[in-house]
$ cat data_13.cif   # mmCIF, C-alpha atoms
data_data
loop_
_atom_site.label_atom_id
_atom_site.label_comp_id
_atom_site.auth_asym_id
_atom_site.auth_seq_id
_atom_site.Cartn_x
_atom_site.Cartn_y
_atom_site.Cartn_z
CA MET A 4 -20.08 -13.25 -30.62
CA ARG A 5 -18.32 -15.31 -28.00
CA THR A 6 -19.47 -18.83 -27.28
CA GLN A 7 -20.39 -19.85 -23.74
CA HIS A 8 -17.21 -21.89 -23.46
CA GLU A 9 -14.99 -19.00 -24.57
CA VAL A 10 -16.52 -16.62 -22.03
CA GLY A 11 -15.87 -19.23 -19.35
CA THR A 12 -12.22 -19.72 -20.25
CA ARG A 13 -11.50 -16.00 -20.60
CA GLU A 14 -13.13 -15.22 -17.26
CA ARG A 15 -11.26 -18.08 -15.58
CA ILE A 16 -7.93 -16.70 -16.87
CA VAL A 17 -8.75 -13.19 -15.59
CA GLN A 18 -9.85 -14.47 -12.18
CA THR A 19 -6.74 -16.61 -11.83
CA THR A 20 -4.48 -13.70 -12.81
CA SER A 21 -6.22 -11.41 -10.35
CA ARG A 22 -5.79 -13.90 -7.49
CA LEU A 23 -2.13 -14.59 -8.33
CA MET A 24 -1.26 -10.89 -8.61
CA GLN A 25 -3.13 -10.17 -5.38
CA ARG A 26 -1.01 -12.77 -3.57
CA GLN A 27 2.39 -12.37 -5.21
CA GLY A 28 2.24 -9.22 -7.34
CA TYR A 29 2.60 -8.47 -11.03
CA GLU A 30 6.30 -9.17 -11.43
CA ALA A 31 6.30 -12.60 -9.81
CA THR A 32 3.31 -13.81 -11.84
CA GLY A 33 4.14 -15.48 -15.13
CA LEU A 34 1.92 -16.52 -18.04
CA LYS A 35 2.91 -20.16 -17.57
CA GLN A 36 1.66 -20.20 -13.97
CA ILE A 37 -1.52 -18.39 -15.03
CA SER A 38 -2.24 -20.92 -17.79
CA GLN A 39 -1.57 -23.85 -15.45
CA GLU A 40 -3.71 -22.59 -12.57
CA ALA A 41 -6.52 -21.46 -14.89
CA GLN A 42 -6.41 -24.88 -16.62
CA ALA A 43 -6.07 -23.18 -19.98
CA THR A 44 -3.40 -23.69 -22.65
CA LEU A 45 -0.77 -21.00 -23.14
CA GLY A 46 -2.20 -20.71 -26.67
CA SER A 47 -5.64 -19.81 -25.36
CA VAL A 48 -4.14 -17.27 -22.94
CA TYR A 49 -2.53 -15.54 -25.96
CA HIS A 50 -5.72 -15.99 -27.99
CA PHE A 51 -7.74 -13.98 -25.47
CA PHE A 52 -4.90 -11.64 -24.46
CA PRO A 53 -2.60 -10.97 -27.41
CA GLY A 54 -1.00 -8.16 -25.37
CA GLY A 55 0.33 -10.80 -22.95
CA LYS A 56 1.00 -10.17 -19.30
CA ARG A 57 0.53 -6.39 -19.46
CA GLU A 58 -2.95 -6.72 -21.00
CA LEU A 59 -3.83 -9.45 -18.51
CA ALA A 60 -2.68 -7.23 -15.61
CA VAL A 61 -5.02 -4.45 -16.77
CA GLU A 62 -7.91 -6.94 -16.86
CA ALA A 63 -6.91 -8.35 -13.46
CA VAL A 64 -6.90 -4.86 -11.92
CA ARG A 65 -10.35 -4.20 -13.44
CA HIS A 66 -11.54 -7.51 -12.02
CA GLY A 67 -10.22 -6.47 -8.57
CA ASP A 68 -11.94 -3.12 -9.05
CA ARG A 69 -15.33 -4.79 -9.65
CA GLU A 70 -14.78 -7.25 -6.79
CA PHE A 71 -14.08 -4.59 -4.15
CA ALA A 72 -16.83 -2.31 -5.54
CA GLU A 73 -19.28 -5.18 -5.07
CA PHE A 74 -18.01 -5.63 -1.50
CA LEU A 75 -18.59 -1.92 -0.75
CA ARG A 76 -22.01 -1.89 -2.45
CA THR A 77 -23.20 -4.85 -0.38
CA ALA A 78 -22.06 -3.23 2.87
CA PHE A 79 -23.69 0.10 1.95
CA ASP A 80 -26.97 -1.54 0.89
CA GLN A 81 -27.26 -3.37 4.19
CA GLU A 82 -26.75 -0.41 6.49
CA ASP A 83 -28.16 3.13 6.31
CA ASP A 84 -25.56 4.83 8.49
CA PRO A 85 -22.29 5.27 6.51
CA ALA A 86 -20.13 5.26 9.67
CA VAL A 87 -21.63 1.94 10.79
CA ALA A 88 -21.29 0.54 7.25
CA ILE A 89 -17.57 1.40 7.19
CA VAL A 90 -17.02 -0.36 10.53
CA THR A 91 -18.71 -3.42 9.02
CA CYS A 92 -16.35 -3.17 6.03
CA THR A 93 -13.25 -3.14 8.23
CA ARG A 94 -14.57 -6.14 10.19
CA ASP A 95 -15.31 -8.10 7.00
CA LEU A 96 -11.92 -7.20 5.51
CA ALA A 97 -10.20 -8.34 8.71
CA ASN A 98 -12.10 -11.64 8.69
CA GLY A 99 -11.37 -12.22 4.99
CA LEU A 100 -7.70 -11.52 5.49
CA ARG A 101 -7.42 -13.84 8.50
CA GLU A 102 -9.35 -16.61 6.75
CA SER A 103 -6.99 -16.41 3.75
CA ALA A 104 -4.02 -16.88 6.12
CA TRP A 105 -3.19 -13.17 5.56
CA LEU A 106 -2.62 -13.70 1.85
CA ASP A 107 -5.57 -12.00 0.13
CA GLY A 108 -5.04 -8.28 0.65
CA CYS A 109 -6.19 -5.58 -1.75
CA PRO A 110 -6.45 -7.12 -5.25
CA VAL A 111 -5.09 -3.94 -6.86
CA THR A 112 -2.43 -2.35 -4.62
CA THR A 113 0.60 -4.58 -5.16
CA THR A 114 0.28 -4.49 -8.94
CA ALA A 115 -0.42 -0.74 -8.82
CA LEU A 116 2.74 -0.03 -6.80
CA GLU A 117 4.94 -2.28 -8.91
CA SER A 118 3.80 -0.62 -12.13
CA ALA A 119 3.51 3.02 -10.97
CA GLY A 120 5.60 5.21 -13.27
CA ARG A 121 6.52 2.28 -15.51
CA GLU A 122 3.31 0.82 -16.95
CA PRO A 123 0.86 3.63 -17.75
CA GLU A 124 -2.04 1.35 -18.74
CA ILE A 125 -1.90 -0.67 -15.52
CA GLN A 126 -1.47 2.51 -13.48
CA GLN A 127 -4.55 4.01 -15.20
CA ALA A 128 -6.61 0.90 -14.41
CA ALA A 129 -5.54 1.16 -10.75
CA GLU A 130 -6.39 4.86 -10.62
CA ASP A 131 -9.81 4.06 -12.18
CA ALA A 132 -10.35 1.43 -9.46
CA TYR A 133 -9.54 3.81 -6.59
CA GLU A 134 -11.77 6.49 -8.15
CA ASN A 135 -14.61 3.98 -8.58
CA TRP A 136 -14.37 2.98 -4.90
CA ARG A 137 -14.19 6.61 -3.80
CA SER A 138 -17.30 7.39 -5.86
CA LEU A 139 -19.24 4.65 -4.06
CA VAL A 140 -18.23 6.08 -0.66
CA ARG A 141 -18.94 9.64 -1.87
CA ASN A 142 -22.44 8.72 -3.05
CA LYS A 143 -23.21 6.89 0.17
CA LEU A 144 -22.18 9.96 2.20
CA ARG A 145 -24.09 12.40 -0.04
CA HIS A 146 -27.15 10.20 0.21
CA SER A 147 -26.82 10.44 4.00
CA GLY A 148 -26.86 14.24 3.92
CA PHE A 149 -23.14 15.13 3.84
CA THR A 150 -22.18 18.09 1.61
CA ASP A 151 -20.40 17.42 -1.68
CA ASP A 152 -17.07 18.80 -0.41
CA THR A 153 -17.15 16.82 2.82
CA ALA A 154 -18.19 13.65 0.98
CA HIS A 155 -15.39 14.15 -1.56
CA ASP A 156 -12.69 14.50 1.09
CA LEU A 157 -14.02 11.74 3.36
CA ALA A 158 -14.19 9.34 0.41
CA HIS A 159 -10.45 9.84 -0.14
CA SER A 160 -9.60 9.19 3.49
CA VAL A 161 -11.93 6.19 3.84
CA ILE A 162 -10.33 4.39 0.90
CA ASN A 163 -6.78 5.46 1.86
CA MET A 164 -7.20 4.35 5.47
CA LEU A 165 -8.71 1.02 4.37
CA GLU A 166 -5.74 0.50 2.01
CA GLY A 167 -3.15 1.39 4.64
CA ALA A 168 -4.80 -0.62 7.40
CA GLU A 169 -5.22 -3.67 5.17
CA LEU A 170 -1.56 -3.50 4.21
CA SER A 171 -0.50 -3.16 7.83
CA ALA A 172 -2.82 -5.97 8.95
CA GLN A 173 -1.37 -8.22 6.28
CA VAL A 174 2.26 -7.49 7.18
CA SER A 175 1.68 -7.82 10.94
CA GLN A 176 -0.79 -10.73 10.56
CA SER A 177 -3.14 -9.00 12.96
CA VAL A 178 -6.66 -7.59 12.70
CA THR A 179 -5.79 -4.69 15.05
CA PRO A 180 -4.95 -2.09 12.33
CA LEU A 181 -8.33 -2.70 10.63
CA GLU A 182 -10.26 -2.61 13.91
CA ILE A 183 -8.67 0.74 14.78
CA ALA A 184 -9.28 2.02 11.23
CA GLY A 185 -13.00 1.26 11.57
CA LYS A 186 -13.22 3.07 14.89
CA HIS A 187 -11.32 6.14 13.65
CA LEU A 188 -13.11 6.39 10.30
CA ALA A 189 -16.49 6.28 12.08
CA ARG A 190 -15.27 8.99 14.46
CA LEU A 191 -14.04 11.13 11.57
CA ILE A 192 -17.31 10.72 9.61
CA ASN A 193 -19.41 11.49 12.69
CA SER A 194 -17.34 14.62 13.39
CA TYR A 195 -18.86 16.18 10.24
CA ARG A 196 -22.51 15.59 11.17
CA MET B 27 36.85 -4.56 11.54
CA ARG B 28 35.68 -3.07 8.28
CA THR B 29 37.87 -0.64 6.40
CA GLN B 30 36.53 2.78 5.46
CA HIS B 31 36.31 1.70 1.81
CA GLU B 32 34.36 -1.44 2.63
CA VAL B 33 31.80 0.46 4.72
CA GLY B 34 31.38 2.86 1.79
CA THR B 35 30.77 0.11 -0.76
CA ARG B 36 28.42 -1.86 1.46
CA GLU B 37 26.37 1.22 2.27
CA ARG B 38 26.23 2.21 -1.40
CA ILE B 39 24.89 -1.24 -2.31
CA VAL B 40 22.20 -1.03 0.38
CA GLN B 41 21.17 2.50 -0.63
CA THR B 42 20.97 1.55 -4.29
CA THR B 43 18.91 -1.55 -3.51
CA SER B 44 16.55 0.49 -1.34
CA ARG B 45 16.03 3.10 -4.08
CA LEU B 46 15.50 0.45 -6.79
CA MET B 47 13.03 -1.56 -4.70
CA GLN B 48 11.22 1.65 -3.74
CA ARG B 49 10.73 2.47 -7.43
CA GLN B 50 10.18 -0.93 -9.01
CA GLY B 51 9.69 -3.42 -6.20
CA TYR B 52 11.55 -6.50 -4.98
CA GLU B 53 10.72 -8.85 -7.83
CA ALA B 54 11.78 -6.52 -10.66
CA THR B 55 15.09 -5.69 -9.01
CA GLY B 56 18.02 -7.93 -9.94
CA LEU B 57 21.50 -8.25 -8.47
CA LYS B 58 23.04 -7.27 -11.82
CA GLN B 59 21.18 -3.95 -11.89
CA ILE B 60 22.07 -3.35 -8.24
CA SER B 61 25.78 -3.97 -8.86
CA GLN B 62 25.78 -1.73 -11.94
CA GLU B 63 23.97 1.20 -10.34
CA ALA B 64 25.95 0.90 -7.10
CA GLN B 65 29.19 0.78 -9.16
CA ALA B 66 30.22 -2.38 -7.36
CA THR B 67 31.21 -5.72 -8.85
CA LEU B 68 28.79 -8.64 -8.59
CA GLY B 69 31.56 -10.31 -6.57
CA SER B 70 31.54 -7.59 -3.95
CA VAL B 71 27.73 -7.68 -3.75
CA TYR B 72 27.99 -11.39 -2.87
CA HIS B 73 30.94 -10.70 -0.55
CA PHE B 74 28.83 -8.35 1.58
CA PHE B 75 25.54 -10.20 1.09
CA PRO B 76 26.15 -13.94 0.76
CA GLY B 77 22.39 -14.45 1.17
CA GLY B 78 21.88 -12.67 -2.16
CA LYS B 79 18.77 -10.74 -3.06
CA ARG B 80 16.71 -11.84 -0.05
CA GLU B 81 19.37 -10.67 2.40
CA LEU B 82 19.77 -7.41 0.46
CA ALA B 83 16.00 -6.85 0.54
CA VAL B 84 16.00 -7.17 4.33
CA GLU B 85 18.80 -4.58 4.52
CA ALA B 86 17.00 -2.32 2.04
CA VAL B 87 13.81 -2.43 4.11
CA ARG B 88 15.84 -1.60 7.25
CA HIS B 89 17.44 1.29 5.36
CA GLY B 90 13.96 2.54 4.37
CA ASP B 91 12.89 2.13 7.99
CA ARG B 92 15.72 4.39 9.21
CA GLU B 93 15.10 6.90 6.41
CA PHE B 94 11.40 7.41 7.17
CA ALA B 95 12.05 7.35 10.94
CA GLU B 96 14.53 10.20 10.43
CA PHE B 97 11.91 12.08 8.40
CA LEU B 98 9.34 11.69 11.21
CA ARG B 99 11.87 12.62 13.93
CA THR B 100 12.83 15.82 12.12
CA ALA B 101 9.18 16.86 11.71
CA PHE B 102 8.39 16.07 15.37
CA ASP B 103 11.47 17.94 16.66
CA GLN B 104 10.53 21.07 14.74
CA GLU B 105 6.93 21.34 15.94
CA ASP B 106 5.44 20.87 19.40
CA ASP B 107 1.85 20.21 18.33
CA PRO B 108 1.57 16.64 16.97
CA ALA B 109 -1.41 17.53 14.74
CA VAL B 110 0.52 20.38 13.12
CA ALA B 111 3.60 18.17 12.77
CA ILE B 112 1.58 15.51 10.91
CA VAL B 113 0.22 18.12 8.50
CA THR B 114 3.83 19.16 7.82
CA CYS B 115 4.70 15.50 7.18
CA THR B 116 1.92 15.11 4.58
CA ARG B 117 3.04 18.34 2.87
CA ASP B 118 6.69 17.23 2.77
CA LEU B 119 5.72 13.76 1.52
CA ALA B 120 3.60 15.34 -1.22
CA ASN B 121 6.44 17.64 -2.28
CA GLY B 122 8.97 14.79 -2.27
CA LEU B 123 6.68 12.61 -4.34
CA ARG B 124 6.00 15.34 -6.89
CA GLU B 125 9.70 16.26 -7.14
CA SER B 126 10.60 12.61 -7.84
CA ALA B 127 8.09 12.58 -10.73
CA TRP B 128 5.80 10.43 -8.53
CA LEU B 129 8.38 7.63 -8.36
CA ASP B 130 9.68 7.67 -4.78
CA GLY B 131 6.80 6.44 -2.64
CA CYS B 132 7.19 4.53 0.62
CA PRO B 133 10.57 2.73 0.58
CA VAL B 134 9.11 -0.32 2.32
CA THR B 135 5.54 -0.94 1.11
CA THR B 136 6.04 -2.43 -2.36
CA THR B 137 8.62 -4.94 -1.14
CA ALA B 138 6.49 -5.69 1.94
CA LEU B 139 3.41 -6.47 -0.16
CA GLU B 140 5.31 -8.57 -2.70
CA SER B 141 6.88 -10.69 0.01
CA ALA B 142 3.96 -10.94 2.49
CA GLY B 143 3.26 -14.60 3.20
CA ARG B 144 6.21 -15.75 1.09
CA GLU B 145 9.41 -14.26 2.54
CA PRO B 146 9.20 -14.28 6.37
CA GLU B 147 12.48 -12.38 6.92
CA ILE B 148 11.53 -9.52 4.61
CA GLN B 149 8.01 -9.43 6.07
CA GLN B 150 9.51 -9.24 9.58
CA ALA B 151 11.77 -6.33 8.58
CA ALA B 152 8.73 -4.51 7.15
CA GLU B 153 6.69 -5.17 10.30
CA ASP B 154 9.62 -3.86 12.39
CA ALA B 155 9.67 -0.71 10.24
CA TYR B 156 5.95 -0.02 10.68
CA GLU B 157 6.25 -0.64 14.41
CA ASN B 158 9.26 1.69 14.65
CA TRP B 159 7.34 4.47 12.88
CA ARG B 160 4.26 3.88 15.05
CA SER B 161 6.42 4.09 18.18
CA LEU B 162 7.74 7.51 17.09
CA VAL B 163 4.17 8.80 16.58
CA ARG B 164 3.07 7.17 19.86
CA ASN B 165 5.86 8.83 21.84
CA LYS B 166 5.17 12.20 20.27
CA LEU B 167 1.48 11.93 21.25
CA ARG B 168 2.25 10.70 24.79
CA HIS B 169 4.70 13.55 25.21
CA SER B 170 1.88 15.93 24.23
CA GLY B 171 -0.41 14.59 26.95
CA PHE B 172 -2.45 11.92 25.14
CA THR B 173 -3.19 8.74 27.11
CA ASP B 174 -1.32 5.54 26.27
CA ASP B 175 -4.40 3.91 24.72
CA THR B 176 -5.27 6.90 22.58
CA ALA B 177 -1.65 7.34 21.49
CA HIS B 178 -1.43 3.62 20.61
CA ASP B 179 -4.52 3.71 18.40
CA LEU B 180 -3.77 7.07 16.78
CA ALA B 181 -0.24 5.92 15.93
CA HIS B 182 -1.73 3.03 13.93
CA SER B 183 -4.08 5.29 12.01
CA VAL B 184 -1.49 8.00 11.36
CA ILE B 185 0.92 5.54 9.75
CA ASN B 186 -1.84 3.66 7.91
CA MET B 187 -3.39 6.85 6.52
CA LEU B 188 0.04 8.14 5.45
CA GLU B 189 0.71 4.81 3.69
CA GLY B 190 -2.67 4.74 1.94
CA ALA B 191 -2.57 8.41 0.94
CA GLU B 192 0.99 8.14 -0.37
CA LEU B 193 0.02 5.12 -2.46
CA SER B 194 -3.05 6.90 -3.81
CA ALA B 195 -1.08 10.10 -4.53
CA GLN B 196 1.49 8.08 -6.43
CA VAL B 197 -1.05 6.20 -8.56
CA SER B 198 -3.11 9.33 -9.34
CA GLN B 199 -0.03 11.60 -9.64
CA SER B 200 -1.74 14.17 -7.43
CA VAL B 201 -0.99 15.68 -4.03
CA THR B 202 -4.71 15.81 -3.14
CA PRO B 203 -4.86 12.49 -1.21
CA LEU B 204 -1.96 13.58 1.04
CA GLU B 205 -3.41 17.08 1.58
CA ILE B 206 -6.72 15.55 2.66
CA ALA B 207 -4.90 13.00 4.84
CA GLY B 208 -3.14 15.82 6.70
CA LYS B 209 -6.38 17.66 7.32
CA HIS B 210 -8.24 14.57 8.51
CA LEU B 211 -5.43 13.23 10.71
CA ALA B 212 -5.15 16.62 12.43
CA ARG B 213 -8.92 16.62 12.95
CA LEU B 214 -8.83 13.08 14.34
CA ILE B 215 -5.93 13.86 16.70
CA ASN B 216 -7.59 17.08 17.89
CA SER B 217 -10.86 15.23 18.55
CA TYR B 218 -9.11 13.40 21.42
CA ARG B 219 -7.88 16.54 23.21
#
$ encode --input "data_13.cif" --output "structure tokens"
Amino acid sequence: MRTQHEVGTRERIVQTTSRLMQRQGYEATGLKQISQEAQATLGSVYHFFPGGKRELAVEAVRHGDREFAEFLRTAFDQEDDPAVAIVTCTRDLANGLRESAWLDGCPVTTTALESAGREPEIQQAAEDAYENWRSLVRNKLRHSGFTDDTAHDLAHSVINMLEGAELSAQVSQSVTPLEIAGKHLARLINSYR
Amino acid sequence: MRTQHEVGTRERIVQTTSRLMQRQGYEATGLKQISQEAQATLGSVYHFFPGGKRELAVEAVRHGDREFAEFLRTAFDQEDDPAVAIVTCTRDLANGLRESAWLDGCPVTTTALESAGREPEIQQAAEDAYENWRSLVRNKLRHSGFTDDTAHDLAHSVINMLEGAELSAQVSQSVTPLEIAGKHLARLINSYR
């Protein structure tokens, strides 16, 4: 059994890794920086994560997975209409991005792209994250009366458009791509009613 | 004036850098690997690019910009209907990705994400690339009778959806996200006719 203190330190290391990899990617993030910013010794980083940076990256991606899933769940719980809920998501993502000075984009994408084809465990964690997010969108659409096939396909495009628009918003330091994404995703969803 | 040989070496260095950064990102790509794979000495890499890796990354992003612009131009020249042309693009992207063993995704995105907020020159080159690609989509749509406003917004979503679907296809090693992207982008474009 883990003590309260151990759970706290471990979680702090994972959160710090997730934030650093979100902002600068997997390759640029070192264990020394993680231990410093998490206020943990390098020894305790290795104690919790004997697999080092690769193991930590998997945990960071899973943390990002849970974080964005929670964001989607909150938006979907607050609004019955899936098209309206997606517009709210794009607005909240745009605000979050602007408030972080355009630094906090998707917590998974950069690490996923850097490791694709080279780090199977990290790639699998990223694929699990995308599938988890798609399943939340799929269930929301099914619950609103969309057929399984339509919900399946729309879930792909909702997550892909959010990813692409967030990336573009971050690079151009502008909320426009996300605003347009919200409008077009709502239009696409409504075209299947 | 540059000699024929010099142009050849410089171009080979840029192409190699672009391919390496496409596959493994900016951070994981070192000048030593670039010089080896481009069959150029480290001295000649510095001769052409005194600004080192940062300067090379800017050139690599510009190379990726031209490469994808050429891809879009070819697709648009071969097909009058912009919706059909975009479906062809998603099919060709899916085939290219599968044939490269899921390694050759967008030549700009990984580097753009790694450098966002940290390397203004690279970020600017990436923003220029996205804007160049959007302008090609915008012009194609205008030429097909769409209004300026509609063409402006659709161009954003076409590029963003292609980016997100390519990323998702790469991580899941499946053409499904790109196939769905083609179908939905055509539907979205046709909804404005």
$ residues_around --input "data_13.cif" --residues "Arg80 (chain B)" --least-positions-apart "5" --cutoff "10 Å" --atoms "all atoms listed in the file" --output "ChimeraX atom specification"
/B:52,75,85-86,141,145,147-148
$ atom_distance --input "data_13.cif" --atom1 "CA of Gly67 (chain A)" --atom2 "CA of Asp151 (chain A)"
26.9 Å
$ residues_around --input "data_13.cif" --residues "Met164 (chain A)" --least-positions-apart "2" --cutoff "8 Å" --atoms "only C-alpha atoms" --output "ChimeraX atom specification"
/A:160-162,166-168,184,188 /B:183,186-187,190-191
$ interface_residues --input "data_13.cif" --of "chain B" --to "chain A" --cutoff "7 Å" --atoms "only C-alpha atoms" --output "VMD selection string"
chain B and resid 50 to 51 53 to 54 129 136 138 to 140 142 to 143 149 153 179 182 to 183 186 to 187 189 to 191 194 197 to 198 203 206 to 207 214
$ axis_aligned_box --input "data_13.cif" --around "region 144-156 of chain A" --padding-each-side "3 Å" --output "lines of an AutoDock Vina configuration file"
center_x = -19.9
center_y = 14.4
center_z = 1.2
size_x = 20.5
size_y = 14.8
size_z = 11.7
$ resolve_selection --input "data_13.cif" --expression "the PyMOL selection byres ((chain A and resi 78) around 12)" --output "MDAnalysis selection string"
chainID A and resid 71:77 79:96 139:140 143
$ write_last_selection --input "data_13.cif" --atoms "C-alpha atoms" --output "mmCIF file, in the frame of the given file"
data_model
loop_
_atom_site.group_PDB
_atom_site.id
_atom_site.type_symbol
_atom_site.label_atom_id
_atom_site.label_comp_id
_atom_site.auth_asym_id
_atom_site.auth_seq_id
_atom_site.Cartn_x
_atom_site.Cartn_y
_atom_site.Cartn_z
ATOM 1 C CA PHE A 71 -14.080 -4.590 -4.150
ATOM 2 C CA ALA A 72 -16.830 -2.310 -5.540
ATOM 3 C CA GLU A 73 -19.280 -5.180 -5.070
ATOM 4 C CA PHE A 74 -18.010 -5.630 -1.500
ATOM 5 C CA LEU A 75 -18.590 -1.920 -0.750
ATOM 6 C CA ARG A 76 -22.010 -1.890 -2.450
ATOM 7 C CA THR A 77 -23.200 -4.850 -0.380
ATOM 8 C CA PHE A 79 -23.690 0.100 1.950
ATOM 9 C CA ASP A 80 -26.970 -1.540 0.890
ATOM 10 C CA GLN A 81 -27.260 -3.370 4.190
ATOM 11 C CA GLU A 82 -26.750 -0.410 6.490
ATOM 12 C CA ASP A 83 -28.160 3.130 6.310
ATOM 13 C CA ASP A 84 -25.560 4.830 8.490
ATOM 14 C CA PRO A 85 -22.290 5.270 6.510
ATOM 15 C CA ALA A 86 -20.130 5.260 9.670
ATOM 16 C CA VAL A 87 -21.630 1.940 10.790
ATOM 17 C CA ALA A 88 -21.290 0.540 7.250
ATOM 18 C CA ILE A 89 -17.570 1.400 7.190
ATOM 19 C CA VAL A 90 -17.020 -0.360 10.530
ATOM 20 C CA THR A 91 -18.710 -3.420 9.020
ATOM 21 C CA CYS A 92 -16.350 -3.170 6.030
ATOM 22 C CA THR A 93 -13.250 -3.140 8.230
ATOM 23 C CA ARG A 94 -14.570 -6.140 10.190
ATOM 24 C CA ASP A 95 -15.310 -8.100 7.000
ATOM 25 C CA LEU A 96 -11.920 -7.200 5.510
ATOM 26 C CA LEU A 139 -19.240 4.650 -4.060
ATOM 27 C CA VAL A 140 -18.230 6.080 -0.660
ATOM 28 C CA LYS A 143 -23.210 6.890 0.170
#
$ atom_distance --input "data_13.cif" --atom1 "CA of Val201 (chain B)" --atom2 "CA of Ala120 (chain B)"
5.4 Å
$ atom_distance --input "data_13.cif" --atom1 "CA of His50 (chain A)" --atom2 "CA of Lys35 (chain A)"
14.2 Å
$ build_atoms --input "data_13.cif" --residues "region 167-178 of chain B" --atoms "N, CA, C and O atoms" --output "PDB file, in the frame of the given file"
ATOM      1  N   LEU B 167       2.826  11.670  20.712  1.00  0.00           N
ATOM      2  CA  LEU B 167       1.480  11.930  21.250  1.00  0.00           C
ATOM      3  C   LEU B 167       1.483  11.849  22.775  1.00  0.00           C
ATOM      4  O   LEU B 167       0.899  12.693  23.459  1.00  0.00           O
ATOM      5  N   ARG B 168       2.151  10.833  23.332  1.00  0.00           N
ATOM      6  CA  ARG B 168       2.250  10.700  24.790  1.00  0.00           C
ATOM      7  C   ARG B 168       2.890  11.939  25.394  1.00  0.00           C
ATOM      8  O   ARG B 168       2.434  12.471  26.401  1.00  0.00           O
ATOM      9  N   HIS B 169       3.960  12.376  24.763  1.00  0.00           N
ATOM     10  CA  HIS B 169       4.700  13.550  25.210  1.00  0.00           C
ATOM     11  C   HIS B 169       3.818  14.794  25.199  1.00  0.00           C
ATOM     12  O   HIS B 169       4.043  15.739  25.957  1.00  0.00           O
ATOM     13  N   SER B 170       2.794  14.785  24.328  1.00  0.00           N
ATOM     14  CA  SER B 170       1.880  15.930  24.230  1.00  0.00           C
ATOM     15  C   SER B 170       0.655  15.754  25.108  1.00  0.00           C
ATOM     16  O   SER B 170      -0.321  16.498  24.976  1.00  0.00           O
ATOM     17  N   GLY B 171       0.655  14.720  25.965  1.00  0.00           N
ATOM     18  CA  GLY B 171      -0.410  14.590  26.950  1.00  0.00           C
ATOM     19  C   GLY B 171      -1.522  13.617  26.593  1.00  0.00           C
ATOM     20  O   GLY B 171      -2.487  13.482  27.349  1.00  0.00           O
ATOM     21  N   PHE B 172      -1.421  12.913  25.473  1.00  0.00           N
ATOM     22  CA  PHE B 172      -2.450  11.920  25.140  1.00  0.00           C
ATOM     23  C   PHE B 172      -2.234  10.671  25.998  1.00  0.00           C
ATOM     24  O   PHE B 172      -1.099  10.351  26.365  1.00  0.00           O
ATOM     25  N   THR B 173      -3.325   9.964  26.309  1.00  0.00           N
ATOM     26  CA  THR B 173      -3.190   8.740  27.110  1.00  0.00           C
ATOM     27  C   THR B 173      -2.505   7.661  26.279  1.00  0.00           C
ATOM     28  O   THR B 173      -2.467   7.732  25.046  1.00  0.00           O
ATOM     29  N   ASP B 174      -1.999   6.636  26.966  1.00  0.00           N
ATOM     30  CA  ASP B 174      -1.320   5.540  26.270  1.00  0.00           C
ATOM     31  C   ASP B 174      -2.221   4.875  25.241  1.00  0.00           C
ATOM     32  O   ASP B 174      -1.803   4.593  24.119  1.00  0.00           O
ATOM     33  N   ASP B 175      -3.476   4.589  25.632  1.00  0.00           N
ATOM     34  CA  ASP B 175      -4.400   3.910  24.720  1.00  0.00           C
ATOM     35  C   ASP B 175      -4.692   4.734  23.482  1.00  0.00           C
ATOM     36  O   ASP B 175      -4.677   4.223  22.356  1.00  0.00           O
ATOM     37  N   THR B 176      -4.970   6.018  23.711  1.00  0.00           N
ATOM     38  CA  THR B 176      -5.270   6.900  22.580  1.00  0.00           C
ATOM     39  C   THR B 176      -4.062   7.032  21.674  1.00  0.00           C
ATOM     40  O   THR B 176      -4.176   6.959  20.435  1.00  0.00           O
ATOM     41  N   ALA B 177      -2.891   7.203  22.278  1.00  0.00           N
ATOM     42  CA  ALA B 177      -1.650   7.340  21.490  1.00  0.00           C
ATOM     43  C   ALA B 177      -1.386   6.063  20.687  1.00  0.00           C
ATOM     44  O   ALA B 177      -0.983   6.123  19.517  1.00  0.00           O
ATOM     45  N   HIS B 178      -1.631   4.901  21.299  1.00  0.00           N
ATOM     46  CA  HIS B 178      -1.430   3.620  20.610  1.00  0.00           C
ATOM     47  C   HIS B 178      -2.299   3.536  19.372  1.00  0.00           C
ATOM     48  O   HIS B 178      -1.835   3.215  18.275  1.00  0.00           O
TER      49      HIS B 178
END
